[in-house]
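Participant: What follows is a structure written as structure tokens; I'll ask about it next.
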Amino acid sequence: MDGLSGDQLRCTIAKDSIEGWWDMSEETFDVVVAGGGPAGSTVASLVAMQGHRVLLLEKEVFPRYQIGESLLPSTVHGVCRMLGVTEELAAAQFPVKRGGTFRWGARPEPWTFSFAVSPRMTGPTSFAYQVERARFDEILLNNAKRKGVVVREGCSVTAVVEEGDRVTGLRYTDSDGGEHEVSARFVIDASGNKSRLHSSVGGTRDYSEFFRSLALFGYFENGKRLPQPNSGNILSVAFNSGWFWYIPLSDTLTSVGVVVRREMAEKIQGDREEAYKTLIAECPLITEYLSDARRVTTGDYGELRVRKDYSYHQTTFWRPGMILVGDAACFVDPVFSSGVHLATYSALLAARSINSILGGDLDEKAALNEFEARYRREYGVFYEFLVAFYQMNENEESYFWHAKKVTNNEHTEFESFVELVGGVASGESALVASRIAEHSAEFAGAVDRMAAADDGDMVPLFKSHVVKQVMQEGGQVQMRAVLGEDAAPEEPVFPGGLVSSPDGMKWLPYRG
């Protein structure tokens, strides 16, 4: 198999074009990932970038349709920067999301927030994107191939392989029905909310009694936009039966979904078209925004879809040899567009653990306990805040206070709210690494002068405002990669816990 690219290894390539090599009986990798969405492609890429052999198995052939189209800055400027795809995302010309607009709570008028008010996100990178997931997910998967991940599409994982109490591999079926088995040091389940593997880690999937909703969604052409500069914002509108999302995916295409409470489930049963029209008619603001629009009725966007937005969490996220990431581990109500954030953040945490274990730096229990504790904490912050956010008799100031309470944030109530919904409330350096771009020209000039100095004089570098600021605040990943031990140390999230390495790719013991 030496010399074959990831594309050549796809399950969808006819076997007779690659005679002889398709004997999987002795295939061994360091890591095998089930699922090629954002969680799977992220963890696969970050592990492969450390020189480990990674196989990713995806049951579909990309591009493919997926819901969950509104990103957070933590994903765009944190994880995607580490993956090396920020320029590609910019070139895709996805609509820029500078914040969000809500018609929610006791106040009848819509209210808007901007990511730029947060000290952790201020500057030219205080935005995210609204993305067509078919395009976004393909960008991440193709990037995984470039990073050295062996990607096989059209392959359905059927079971885990166990030896004693340890998971040691996967069984899967290719697009022609052929059955295969692969061995690996670690198996990652990134196969989403419909995962058939999650129970293999043990424990149970516990569903929330509070968040049990159903979503009905479709797409429109030529819907109205919010006024500039917020035309790319997500619009979330509460009404008597639930709430609507309204997400601009291009100048003309809009994703429109309605989430109804469990006791209102009968409203979306029966004829979906009639149910959709009736619910839109119940919500005056959405009716106004769609007054001149036409629903898309053909192609991937032509179907009216229903999804159970039941929040849940697995009671354990890992066992020896196996880790759950993204929706395979937990899911929370989508009102704050946290799905891709939780997927990519959990993938980053899992990759750090795997890289540390495979590199001989930490034992499996210590590394994976840190992964699970941090992922549960992030999920828990969103969950706890959302319980308060669904109190519709309150105003936005009350919601901001709840955000500060659940995040234990040192900033103001409003900043705490923005940091939570921007995905940076954890304080993770890697998720706000690109704040350096605010002074990128100054930094670049300082580095250039240092590099050009015959005597190696570093004075211009340390006079740079951005270097001083980053060192004082604990530093972003990019800066710590340059300055190493000279950067201020990161604090552990939990007493006795671990911290990330300067490049954000591993865990390190805390030396404070």
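By order of appearance in the structure tokens: chains A, B, ..., then residues from 1 within every chain, and ligands from 1 in the order shown.
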From a backbone DSSP assignment, name each residue in range 62-169 of chain A labelled helix (DSSP H, G or I), as a PyMOL selection string.

Facilitator: chain A and resi 73-83+86-91+115-117+133-146

Participant: Quick one: write out the picked residues with N, CA and C atoms as a compact mmCIF listing (two decimals), in the first residue's frame?

Facilitator:
# COMPACT_ATOMS: atom_id res chain seq x y z
N PRO A 73 -17.12 31.27 16.78
CA PRO A 73 -15.74 31.70 16.59
C PRO A 73 -14.71 30.70 17.11
N SER A 74 -15.04 29.98 18.18
CA SER A 74 -14.09 29.00 18.73
C SER A 74 -13.70 27.96 17.70
N THR A 75 -14.63 27.58 16.84
CA THR A 75 -14.33 26.59 15.79
C THR A 75 -13.54 27.23 14.66
N VAL A 76 -14.00 28.39 14.19
CA VAL A 76 -13.37 29.01 13.02
C VAL A 76 -11.95 29.47 13.32
N HIS A 77 -11.76 30.18 14.45
CA HIS A 77 -10.48 30.80 14.73
C HIS A 77 -9.62 30.02 15.71
N GLY A 78 -10.18 28.98 16.30
CA GLY A 78 -9.42 28.13 17.19
C GLY A 78 -9.06 26.82 16.52
N VAL A 79 -10.02 25.90 16.45
CA VAL A 79 -9.75 24.56 15.93
C VAL A 79 -9.38 24.59 14.45
N CYS A 80 -10.14 25.35 13.65
CA CYS A 80 -9.84 25.35 12.21
C CYS A 80 -8.49 25.99 11.91
N ARG A 81 -8.04 26.92 12.75
CA ARG A 81 -6.70 27.47 12.57
C ARG A 81 -5.65 26.40 12.85
N MET A 82 -5.85 25.61 13.88
CA MET A 82 -4.92 24.52 14.16
C MET A 82 -4.89 23.51 13.02
N LEU A 83 -6.05 23.29 12.40
CA LEU A 83 -6.13 22.35 11.28
C LEU A 83 -5.53 22.92 10.00
N THR A 86 -8.20 27.84 7.68
CA THR A 86 -8.87 29.13 7.77
C THR A 86 -8.89 29.87 6.44
N GLU A 87 -7.81 29.79 5.68
CA GLU A 87 -7.79 30.45 4.38
C GLU A 87 -8.79 29.82 3.43
N GLU A 88 -8.91 28.51 3.49
CA GLU A 88 -9.86 27.81 2.63
C GLU A 88 -11.30 28.18 3.01
N LEU A 89 -11.56 28.32 4.29
CA LEU A 89 -12.90 28.74 4.72
C LEU A 89 -13.20 30.16 4.24
N ALA A 90 -12.22 31.04 4.33
CA ALA A 90 -12.42 32.41 3.86
C ALA A 90 -12.69 32.42 2.36
N ALA A 91 -11.97 31.60 1.61
CA ALA A 91 -12.14 31.56 0.16
C ALA A 91 -13.50 31.01 -0.24
N PHE A 115 -20.04 39.32 18.84
CA PHE A 115 -18.89 38.61 19.40
C PHE A 115 -17.79 39.58 19.80
N ALA A 116 -17.74 40.74 19.14
CA ALA A 116 -16.63 41.68 19.34
C ALA A 116 -16.61 42.28 20.74
N VAL A 117 -17.71 42.18 21.51
CA VAL A 117 -17.70 42.78 22.85
C VAL A 117 -16.87 41.96 23.83
N ARG A 133 -23.29 22.74 5.26
CA ARG A 133 -22.49 21.70 5.87
C ARG A 133 -21.88 20.74 4.85
N ALA A 134 -22.54 20.52 3.74
CA ALA A 134 -21.96 19.65 2.72
C ALA A 134 -20.60 20.18 2.29
N ARG A 135 -20.48 21.50 2.13
CA ARG A 135 -19.22 22.12 1.71
C ARG A 135 -18.23 22.18 2.87
N PHE A 136 -18.69 22.61 4.04
CA PHE A 136 -17.80 22.74 5.19
C PHE A 136 -17.21 21.39 5.59
N ASP A 137 -18.05 20.39 5.71
CA ASP A 137 -17.56 19.07 6.13
C ASP A 137 -16.60 18.48 5.11
N GLU A 138 -16.84 18.74 3.83
CA GLU A 138 -15.93 18.24 2.81
C GLU A 138 -14.57 18.93 2.90
N ILE A 139 -14.56 20.22 3.22
CA ILE A 139 -13.29 20.92 3.41
C ILE A 139 -12.48 20.26 4.51
N LEU A 140 -13.13 19.95 5.63
CA LEU A 140 -12.41 19.32 6.75
C LEU A 140 -11.95 17.91 6.40
N LEU A 141 -12.79 17.15 5.69
CA LEU A 141 -12.42 15.78 5.34
C LEU A 141 -11.27 15.76 4.33
N ASN A 142 -11.32 16.63 3.33
CA ASN A 142 -10.22 16.71 2.37
C ASN A 142 -8.93 17.16 3.04
N ASN A 143 -9.05 18.03 4.03
CA ASN A 143 -7.87 18.44 4.78
C ASN A 143 -7.27 17.27 5.54
N ALA A 144 -8.13 16.41 6.09
CA ALA A 144 -7.63 15.22 6.78
C ALA A 144 -6.79 14.35 5.84
N LYS A 145 -7.25 14.22 4.60
CA LYS A 145 -6.48 13.46 3.62
C LYS A 145 -5.11 14.10 3.40
N ARG A 146 -5.10 15.42 3.28
CA ARG A 146 -3.82 16.11 3.07
C ARG A 146 -2.89 15.96 4.25

Participant: If you run DSSP over the backbone, which residues in range 118-341 of chain A end up strand (DSSP E or B)? Put them as a PyMOL selection string.

Facilitator: chain A and resi 128-130+150-153+156-163+166-173+179-189+205-221+234-239+242-248+253-261+294-295+305-314+318-319+322-324+330-331

Participant: Quick check, in Å to one decimal: how far apart do CA of Glu413 in chain A and CA of Phe113 in chain A lie?

Facilitator: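 Between these atoms lies a distance of 12.4 Å.
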
Participant: Taking 2 positions as the minimum chain separation for residues in the same chain, which residues sit within 10 Å of Ala347 in chain A when counting only C-alpha atoms? Answer as a PyMOL selection string.

Facilitator: chain A and resi 38-47+79+188+190+323-326+341-345+349-353+371+375

Participant: Restricted to N, CA, C and O atoms, what would the selected residues look like written as a short mmCIF file (atom, residue, chain, number, x, y, z; two decimals), in the first residue's frame?

Facilitator:
data_model
loop_
_atom_site.label_atom_id
_atom_site.label_comp_id
_atom_site.auth_asym_id
_atom_site.auth_seq_id
_atom_site.Cartn_x
_atom_site.Cartn_y
_atom_site.Cartn_z
N PRO A 38 -17.33 16.79 11.29
CA PRO A 38 -16.35 17.67 11.91
C PRO A 38 -15.57 17.05 13.07
O PRO A 38 -14.37 17.26 13.20
N ALA A 39 -16.25 16.27 13.91
CA ALA A 39 -15.54 15.63 15.03
C ALA A 39 -14.53 14.62 14.52
O ALA A 39 -13.36 14.62 14.93
N GLY A 40 -14.95 13.75 13.61
CA GLY A 40 -14.06 12.70 13.11
C GLY A 40 -12.89 13.25 12.32
O GLY A 40 -11.74 12.83 12.52
N SER A 41 -13.16 14.18 11.41
CA SER A 41 -12.07 14.71 10.59
C SER A 41 -11.10 15.53 11.44
O SER A 41 -9.88 15.53 11.18
N THR A 42 -11.61 16.20 12.47
CA THR A 42 -10.73 17.00 13.33
C THR A 42 -9.80 16.12 14.16
O THR A 42 -8.58 16.33 14.17
N VAL A 43 -10.35 15.14 14.86
CA VAL A 43 -9.49 14.29 15.68
C VAL A 43 -8.52 13.51 14.82
O VAL A 43 -7.34 13.35 15.17
N ALA A 44 -8.97 13.03 13.65
CA ALA A 44 -8.09 12.28 12.76
C ALA A 44 -6.92 13.16 12.29
O ALA A 44 -5.76 12.73 12.28
N SER A 45 -7.22 14.39 11.89
CA SER A 45 -6.18 15.29 11.39
C SER A 45 -5.17 15.63 12.48
O SER A 45 -3.94 15.58 12.25
N LEU A 46 -5.65 15.98 13.68
CA LEU A 46 -4.75 16.41 14.74
C LEU A 46 -3.85 15.28 15.23
O LEU A 46 -2.72 15.52 15.66
N VAL A 47 -4.31 14.04 15.15
CA VAL A 47 -3.47 12.90 15.51
C VAL A 47 -2.48 12.60 14.38
O VAL A 47 -1.29 12.36 14.63
N VAL A 79 -10.02 25.90 16.45
CA VAL A 79 -9.75 24.56 15.93
C VAL A 79 -9.38 24.59 14.45
O VAL A 79 -8.41 23.95 14.03
N ILE A 188 -12.04 5.67 17.80
CA ILE A 188 -12.79 6.89 18.08
C ILE A 188 -14.17 6.76 17.44
O ILE A 188 -14.28 6.56 16.24
N ALA A 190 -17.00 8.79 16.26
CA ALA A 190 -17.41 10.14 15.87
C ALA A 190 -18.59 10.05 14.92
O ALA A 190 -18.73 10.87 14.01
N ILE A 323 -12.93 5.92 22.57
CA ILE A 323 -13.33 7.26 23.01
C ILE A 323 -14.54 7.71 22.18
O ILE A 323 -14.58 7.50 20.97
N LEU A 324 -15.51 8.36 22.84
CA LEU A 324 -16.63 8.98 22.16
C LEU A 324 -16.38 10.48 22.02
O LEU A 324 -16.00 11.14 23.00
N VAL A 325 -16.62 11.03 20.84
CA VAL A 325 -16.50 12.47 20.63
C VAL A 325 -17.77 12.98 19.95
O VAL A 325 -18.53 12.21 19.36
N GLY A 326 -17.98 14.30 20.03
CA GLY A 326 -19.14 14.90 19.37
C GLY A 326 -20.45 14.35 19.88
O GLY A 326 -20.61 14.03 21.07
N HIS A 341 -19.29 23.24 17.51
CA HIS A 341 -18.32 23.61 18.54
C HIS A 341 -18.01 22.44 19.46
O HIS A 341 -16.85 22.11 19.71
N LEU A 342 -19.06 21.80 20.00
CA LEU A 342 -18.83 20.67 20.90
C LEU A 342 -18.14 19.52 20.16
O LEU A 342 -17.31 18.82 20.73
N ALA A 343 -18.48 19.34 18.89
CA ALA A 343 -17.85 18.27 18.11
C ALA A 343 -16.35 18.51 17.94
O ALA A 343 -15.52 17.63 18.20
N THR A 344 -16.00 19.72 17.49
CA THR A 344 -14.58 19.99 17.21
C THR A 344 -13.78 20.17 18.49
O THR A 344 -12.60 19.79 18.56
N TYR A 345 -14.39 20.75 19.52
CA TYR A 345 -13.68 20.92 20.79
C TYR A 345 -13.40 19.56 21.43
O TYR A 345 -12.29 19.30 21.91
N LEU A 349 -9.75 17.84 22.33
CA LEU A 349 -9.41 17.25 23.63
C LEU A 349 -8.99 15.79 23.48
O LEU A 349 -8.02 15.34 24.10
N ALA A 350 -9.72 15.03 22.67
CA ALA A 350 -9.39 13.62 22.47
C ALA A 350 -8.05 13.47 21.77
O ALA A 350 -7.24 12.59 22.11
N ALA A 351 -7.79 14.33 20.78
CA ALA A 351 -6.51 14.26 20.06
C ALA A 351 -5.35 14.54 20.99
O ALA A 351 -4.30 13.87 20.91
N ARG A 352 -5.50 15.51 21.87
CA ARG A 352 -4.43 15.78 22.85
C ARG A 352 -4.14 14.54 23.69
O ARG A 352 -2.99 14.20 23.95
N SER A 353 -5.21 13.88 24.12
CA SER A 353 -5.03 12.70 24.97
C SER A 353 -4.33 11.59 24.20
O SER A 353 -3.37 10.98 24.70
N PHE A 371 -9.63 14.57 29.23
CA PHE A 371 -10.54 14.74 28.10
C PHE A 371 -11.99 14.73 28.55
O PHE A 371 -12.77 15.64 28.23
N TYR A 375 -14.68 17.90 28.53
CA TYR A 375 -15.83 17.83 27.62
C TYR A 375 -17.14 17.88 28.40
O TYR A 375 -18.08 18.59 28.02
#
